[in-house]
Structure formats: structure tokens, C-alpha cells
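Trainee: One file: data_3.txt (compact mmCIF, C-alpha atoms and all ligand atoms).
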```txt
# COMPACT_ATOMS: atom_id res chain seq x y z
CA MET A 446 -19.88 18.83 -31.39
CA PRO A 447 -18.36 17.07 -28.32
CA THR A 448 -18.26 19.04 -25.07
CA VAL A 449 -15.59 18.64 -22.39
CA THR A 450 -15.80 20.20 -18.96
CA ALA A 451 -12.71 21.90 -17.57
CA PHE A 452 -11.82 24.30 -14.78
CA LYS A 453 -11.69 28.05 -15.41
CA TRP A 454 -8.64 28.22 -13.20
CA VAL A 455 -6.51 25.90 -11.06
CA PRO A 456 -3.40 26.61 -8.94
CA PRO A 457 -0.13 26.72 -10.88
CA PHE A 458 1.07 23.24 -9.81
CA ALA A 459 -1.95 21.70 -11.60
CA GLN A 460 -1.92 23.88 -14.70
CA GLY A 461 -1.12 21.81 -17.79
CA SER A 462 -2.02 18.59 -16.02
CA VAL A 463 -5.74 18.84 -15.24
CA ARG A 464 -7.32 15.70 -16.61
CA ASP A 465 -9.42 17.35 -19.29
CA ILE A 466 -6.09 17.54 -21.15
CA ARG A 467 -6.31 13.79 -21.78
CA VAL A 468 -9.65 14.23 -23.50
CA ARG A 469 -8.67 17.40 -25.36
CA TRP A 470 -5.55 15.61 -26.63
CA ALA A 471 -7.51 12.54 -27.77
CA LEU A 472 -10.01 14.73 -29.62
CA GLU A 473 -7.18 16.67 -31.27
CA GLU A 474 -5.45 13.45 -32.38
CA ALA A 475 -8.77 12.19 -33.74
CA GLY A 476 -9.28 15.43 -35.66
CA LEU A 477 -12.50 16.25 -33.81
CA GLY A 478 -13.45 19.75 -32.76
CA TYR A 479 -15.01 20.29 -29.35
CA ASP A 480 -16.38 22.91 -27.00
CA ALA A 481 -14.89 23.38 -23.55
CA HIS A 482 -17.51 24.00 -20.87
CA LEU A 483 -15.63 25.86 -18.16
CA ILE A 484 -16.68 25.51 -14.53
CA GLY A 485 -15.53 27.12 -11.30
CA PHE A 486 -14.90 25.36 -8.00
CA GLU A 487 -18.28 26.71 -6.87
CA ASP A 488 -20.00 24.67 -9.60
CA GLN A 489 -18.59 21.30 -8.50
CA ALA A 490 -21.25 20.54 -5.89
CA THR A 491 -24.30 21.75 -7.82
CA PRO A 492 -26.93 19.12 -8.64
CA GLU A 493 -26.61 20.03 -12.33
CA TYR A 494 -22.88 19.27 -12.36
CA ARG A 495 -23.19 16.18 -10.14
CA ALA A 496 -25.62 14.79 -12.70
CA LEU A 497 -22.78 14.91 -15.22
CA GLN A 498 -19.93 13.96 -12.87
CA PRO A 499 -20.99 12.33 -9.59
CA PHE A 500 -17.75 13.32 -7.84
CA GLY A 501 -17.86 16.93 -8.98
CA GLN A 502 -14.56 16.52 -10.82
CA VAL A 503 -13.43 17.35 -14.34
CA PRO A 504 -13.64 16.16 -17.02
CA ALA A 505 -17.17 15.25 -17.98
CA PHE A 506 -17.94 14.65 -21.63
CA SER A 507 -20.84 14.47 -24.04
CA ASP A 508 -20.87 14.05 -27.79
CA GLY A 509 -24.55 13.95 -28.67
CA LYS A 510 -24.56 10.16 -28.42
CA VAL A 511 -23.23 9.59 -24.89
CA GLU A 512 -22.56 11.39 -21.62
CA MET A 513 -19.52 10.20 -19.70
CA PHE A 514 -17.07 10.93 -16.91
CA GLU A 515 -13.67 9.32 -16.08
CA SER A 516 -10.95 10.59 -18.38
CA GLY A 517 -9.59 7.11 -19.20
CA ALA A 518 -13.00 5.85 -20.24
CA ILE A 519 -13.63 8.97 -22.32
CA VAL A 520 -10.28 8.61 -24.11
CA LEU A 521 -11.11 4.97 -24.81
CA TRP A 522 -14.55 5.94 -26.14
CA ILE A 523 -13.01 8.46 -28.54
CA ALA A 524 -10.32 5.93 -29.53
CA GLN A 525 -12.91 3.34 -30.48
CA SER A 526 -13.89 5.42 -33.47
CA SER A 527 -10.49 6.74 -34.48
CA ASP A 528 -7.67 4.90 -36.26
CA ALA A 529 -5.38 7.64 -34.99
CA LEU A 530 -5.79 6.31 -31.43
CA MET A 531 -6.43 2.59 -31.81
CA PRO A 532 -5.72 0.14 -34.64
CA ALA A 533 -8.55 -1.84 -36.22
CA ASP A 534 -7.22 -5.37 -35.65
CA ASP A 535 -8.04 -7.33 -32.48
CA ALA A 536 -4.44 -7.95 -31.46
CA GLY A 537 -3.59 -4.29 -31.91
CA ARG A 538 -6.65 -3.13 -29.96
CA ALA A 539 -5.91 -5.58 -27.17
CA MET A 540 -2.41 -4.12 -26.80
CA VAL A 541 -3.84 -0.58 -26.59
CA LEU A 542 -6.25 -1.70 -23.84
CA THR A 543 -3.43 -3.45 -22.04
CA TRP A 544 -1.15 -0.41 -21.96
CA LEU A 545 -4.01 1.94 -21.22
CA PHE A 546 -4.75 -0.03 -18.06
CA ALA A 547 -1.04 -0.39 -17.28
CA ALA A 548 -0.80 3.40 -17.24
CA SER A 549 -3.87 3.74 -14.99
CA ASN A 550 -3.54 0.74 -12.72
CA THR A 551 0.16 -0.10 -12.54
CA ILE A 552 2.04 3.19 -12.93
CA GLU A 553 -0.42 5.89 -11.86
CA PRO A 554 -0.98 4.65 -8.27
CA HIS A 555 2.74 5.07 -7.57
CA VAL A 556 2.89 8.48 -9.23
CA ALA A 557 -0.19 9.60 -7.32
CA ALA A 558 1.24 8.37 -4.02
CA LEU A 559 4.31 10.56 -4.53
CA ALA A 560 2.28 13.53 -5.74
CA ILE A 561 0.03 13.37 -2.67
CA ILE A 562 3.10 13.63 -0.48
CA ASP A 563 5.00 16.27 -2.46
CA LEU A 564 2.16 18.54 -3.51
CA PHE A 565 -0.19 18.35 -0.55
CA ASN A 566 1.66 17.08 2.52
CA ALA A 567 5.36 17.81 2.01
CA GLU A 568 5.83 19.21 5.52
CA ALA A 569 3.92 16.53 7.41
CA ASP A 570 5.93 14.15 9.59
CA TRP A 571 4.18 11.10 8.16
CA ALA A 572 4.98 12.27 4.62
CA ARG A 573 8.68 12.76 5.36
CA ALA A 574 8.82 9.30 6.90
CA ARG A 575 6.94 7.63 4.05
CA ARG A 576 8.47 9.39 1.03
CA PRO A 577 11.65 7.27 0.56
CA GLU A 578 9.63 4.07 0.42
CA VAL A 579 7.09 5.61 -1.99
CA GLU A 580 9.85 6.90 -4.28
CA ALA A 581 11.64 3.53 -4.23
CA ALA A 582 8.44 1.69 -5.19
CA LEU A 583 7.83 4.18 -8.00
CA ARG A 584 11.40 3.87 -9.29
CA LYS A 585 11.07 0.08 -9.40
CA ARG A 586 8.01 0.44 -11.64
CA LEU A 587 9.78 3.03 -13.83
CA ASP A 588 12.74 0.67 -14.27
CA GLU A 589 10.32 -1.99 -15.42
CA LEU A 590 8.39 0.43 -17.61
CA GLN A 591 11.56 1.58 -19.34
CA ALA A 592 12.62 -2.03 -19.91
CA ALA A 593 9.19 -2.80 -21.37
CA LEU A 594 9.40 0.14 -23.78
CA GLY A 595 12.80 -1.07 -24.98
CA ASP A 596 13.76 0.67 -28.18
CA ARG A 597 10.17 1.20 -29.30
CA GLN A 598 8.72 4.69 -29.72
CA TRP A 599 5.25 3.96 -28.31
CA PHE A 600 3.89 1.37 -25.91
CA ALA A 601 1.21 -0.47 -27.89
CA ASN A 602 2.23 -1.96 -31.25
CA ASP A 603 4.93 0.75 -31.53
CA LEU A 604 2.19 3.02 -32.90
CA PHE A 605 0.99 6.15 -31.10
CA SER A 606 -2.32 5.33 -29.40
CA ALA A 607 -4.76 6.21 -26.64
CA ALA A 608 -2.46 4.32 -24.27
CA ASP A 609 0.30 6.88 -24.88
CA ILE A 610 -2.05 9.72 -23.97
CA LEU A 611 -2.65 8.17 -20.56
CA MET A 612 0.95 7.07 -20.00
CA THR A 613 2.35 10.47 -20.94
CA HIS A 614 -0.15 12.23 -18.71
CA VAL A 615 0.74 9.96 -15.79
CA LEU A 616 4.48 10.55 -16.25
CA ARG A 617 3.91 14.30 -16.56
CA ASP A 618 2.58 14.23 -13.02
CA LEU A 619 6.22 13.79 -11.96
CA ARG A 620 7.12 17.18 -13.45
CA HIS A 621 7.70 18.60 -9.99
CA THR A 622 10.64 16.16 -9.60
CA ASP A 623 13.73 15.16 -11.65
CA ILE A 624 12.80 11.49 -11.46
CA VAL A 625 11.86 10.89 -15.11
CA ALA A 626 15.21 12.35 -16.23
CA ASP A 627 16.87 9.33 -14.59
CA TYR A 628 15.13 7.13 -17.16
CA PRO A 629 16.42 8.38 -20.53
CA ALA A 630 14.11 6.29 -22.68
CA LEU A 631 11.07 7.42 -20.69
CA ALA A 632 12.22 11.05 -20.74
CA ALA A 633 12.62 10.82 -24.53
CA TYR A 634 9.20 9.16 -24.77
CA VAL A 635 7.50 11.99 -22.86
CA ALA A 636 9.33 14.59 -24.95
CA ARG A 637 8.26 12.81 -28.14
CA ALA A 638 4.63 12.76 -27.01
CA GLU A 639 4.71 16.39 -25.90
CA ALA A 640 6.14 17.39 -29.30
CA ARG A 641 3.01 16.17 -31.08
CA PRO A 642 1.02 19.09 -32.50
CA ALA A 643 -2.20 17.65 -31.02
CA PHE A 644 -0.71 17.69 -27.52
CA LYS A 645 0.55 21.24 -27.95
CA ARG A 646 -2.91 22.43 -29.02
CA ALA A 647 -4.55 20.61 -26.10
CA LEU A 648 -2.10 22.12 -23.64
CA ALA A 649 -2.48 25.63 -25.03
CA ASP A 650 -6.27 25.34 -24.92
CA GLN A 651 -6.26 24.14 -21.32
CA MET A 652 -3.92 26.97 -20.28
CA LYS A 653 -5.72 29.82 -22.07
CA PRO A 654 -8.59 30.28 -19.58
CA PHE A 655 -6.20 30.18 -16.61
CA ARG A 656 -4.71 33.49 -17.73
CA VAL A 657 -8.15 35.06 -18.16
CA HIS A 658 -9.52 33.79 -14.83
CA ALA A 659 -6.40 34.12 -12.66
CA PRO A 660 -7.27 35.49 -9.22
CA ALA A 661 -6.40 39.17 -8.87
N1 LIG A 701 -10.51 9.43 -12.16
C1 LIG A 701 -10.97 10.74 -12.57
C2 LIG A 701 -10.27 11.76 -11.72
C3 LIG A 701 -10.67 13.17 -12.07
C4 LIG A 701 -9.91 14.17 -11.25
O1 LIG A 701 -9.16 13.83 -10.31
N2 LIG A 701 -10.08 15.45 -11.60
C5 LIG A 701 -9.46 16.49 -10.83
C6 LIG A 701 -8.71 17.45 -11.74
S1 LIG A 701 -7.30 16.66 -12.46
C7 LIG A 701 -10.53 17.28 -10.12
O2 LIG A 701 -11.57 17.56 -10.69
N3 LIG A 701 -10.24 17.65 -8.88
C8 LIG A 701 -11.14 18.40 -8.07
C9 LIG A 701 -11.78 17.57 -7.01
O3 LIG A 701 -11.48 16.37 -6.89
O4 LIG A 701 -12.59 18.14 -6.28
C10 LIG A 701 -10.66 10.95 -14.06
O5 LIG A 701 -9.62 10.48 -14.50
O6 LIG A 701 -11.47 11.59 -14.75
```
Please, can you express the file's structure as C-alpha cells?
Mentor:
Amino acid sequence: MPTVTAFKWVPPFAQGSVRDIRVRWALEEAGLGYDAHLIGFEDQATPEYRALQPFGQVPAFSDGKVEMFESGAIVLWIAQSSDALMPADDAGRAMVLTWLFAASNTIEPHVAALAIIDLFNAEADWARARRPEVEAALRKRLDELQAALGDRQWFANDLFSAADILMTHVLRDLRHTDIVADYPALAAYVARAEARPAFKRALADQMKPFRVHAPA
């Protein structure tokens, strides 16, 4: 049975978005059960955990065959053995890889730049000065992303795939803003992805321990 590491509890702004949700969602789409191995912040620096995840982050993953970290790589690993996440033909697989990296390398850096300002430095002078430029650069990419999606439902081959797990997760990291709502096709895309039963199960399973382990 695959094992995914996840936090017992995170602050509310991160709940529903911690990166183990990418892996949980991929496993759910692939129809694979898994165990969640819950860790606390105090476990992140232990030698045992660093052996699994050298940066002390979540998720780490093992499935009896491999041990991995990096959520994108783990999702890709799961996708390689599931038609539900990646088609069998070369052209189809190449498109999934392309959009998976587009989510991680082209869109996510802009989303992360805004999140670092809004969630961790909102009151800092440098953040106030920098934010308009960061938002403008992000919006340019979202314009382009929406144009690329066109009237398709999903990014690669117009079939739901591993790439949509990453892209949806990246766009969800703008939940603290109204930005995605300005891009109706992207807003509909995120809503469509979030309506998938596999996503709902993954989200519910990430959230469950947060209630149990909430600080008093
Ligand atoms: N690139 C890594 C990033 C993992 C990551 O940032 N995990 C966060 C939770 S979403 C974490 O563990 N943060 C705690 C920390 O960095 O100490 C991945 O995608 O797996």
C-alpha cells in the first residue's frame, strides 16, 4: 500500500492546499488506496524524516517499489502506471509532460511570488512596493493560460490528466485573492477539477486530521 506523508496540522491559510493533496488526488484518480503518515513540525528536522525528504517538507512517498519526494515527480510516477492520469500514446504522454511542467515552471513561480507577499509579508514596505508588478506579471501569464485552454475542458489532449492536478493546485494557491474569477474559463476549469469525486476525497482526507490536531 502506498504511503504519503502529510502534516497533522497546518495554519488555516494552508489547509486544503498542502502539497500532499496533489499525491492524494493522483492516487484517488488512479483508484489506489494509501496510508497517510502524519508528521508534526517537530519531526521535520529528524534524521529519520530527512532520509525520506531532505528538506524536511511534505509530501514524501513510498509504494514498496520506490521512495520519493517532490510532489510533481510523485504525481508523474503514479501517472506512469495509470490510464486515468496519462494516456498510453507517445503524443498524448508528451502533452501531459508539457502541461505538467507548464504548471510547475511557467505558472507556479508567479503564483508563488504573489503568495509570498500576501501570506507572509503583506505589511512589509518592500512587499507593498513590489506587489503591483508581481500581480501584473501573474495576470499576463493567466491571460496566456486562458487563451491556451481555449474551449477545451482540460489542458493536455482535452482529457483529465496528471497535468490538471498540478495546474489546479497551482491556481488554488490564489484562493486568498479574487484574481482567478477575472478569468472565467480558468475559474470554470478549477471548479470542474474541484468537482471531481477524487479531488473531494483527497481534500476531505487532508482536512480530517487538522480538526483532530488543532491547537487548543
Ligand atoms: N517542491 C516541493 C515543495 C514541498 C513543500 O513546499 N511543502 C510544504 C507544504 S505545502 C512544506 O512542507 N513546508 C514546510 C517547510 O518548508 O518547512 C514539492 O512540491 O513537494
Trainee: In Å, how far is it from atom CA of A:Pro629 to atom CA of A:Arg617?
Mentor: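 Result for atom CA of A:Pro629 versus atom CA of A:Arg617: 14.4 Å, one decimal.
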Trainee: For A:Met612, which residue among A:Ser549, A:His658, A:Ala636, A:Val556 is the nearest when counting only C-alpha atoms?
Mentor: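 When distances to A:Met612 are compared using only C-alpha atoms, the smallest one comes from A:Ser549.
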Trainee: Which is closest to A:Leu530 among A:Glu473, A:Asp563, A:Glu639, A:Ile466, if we use only C-alpha atoms?
Mentor: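 Using only C-alpha atoms, the shortest distance to A:Leu530 belongs to A:Glu473.
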Trainee: Mind checking which residues fall within 10 Å of A:Pro457, counting all atoms listed in the file, ignoring those fewer than 3 positions away in the same chain, and posting them as a list in words?
Mentor: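 In the requested form, the answer reads Trp454, Gln460, Gly461, Ser462, Phe655 and Ala659 of chain A.
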Trainee: Residues at most 7 Å from ligand LIG 701 (chain A), using only C-alpha atoms and all ligand atoms? Could they come as a list in words?
Mentor: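 The residues near ligand LIG 701 (chain A) are Ser462, Val463, Arg464, Gly501, Gln502, Val503, Pro504, Phe514, Glu515, Ser516 and Gly517 of chain A.
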Trainee: Which is closest to A:Met531 among A:Glu474, A:Asp618, A:Asp465, A:Glu589, if we use all atoms listed in the file?
Mentor: A:Glu474
Trainee: Could you work out how far atom CA of A:Ser527 lies from atom CA of A:Tyr479, giving the answer in Å with one decimal?
Mentor: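 Between atom CA of A:Tyr479 and atom CA of A:Ser527 the gap is 15.2 Å.
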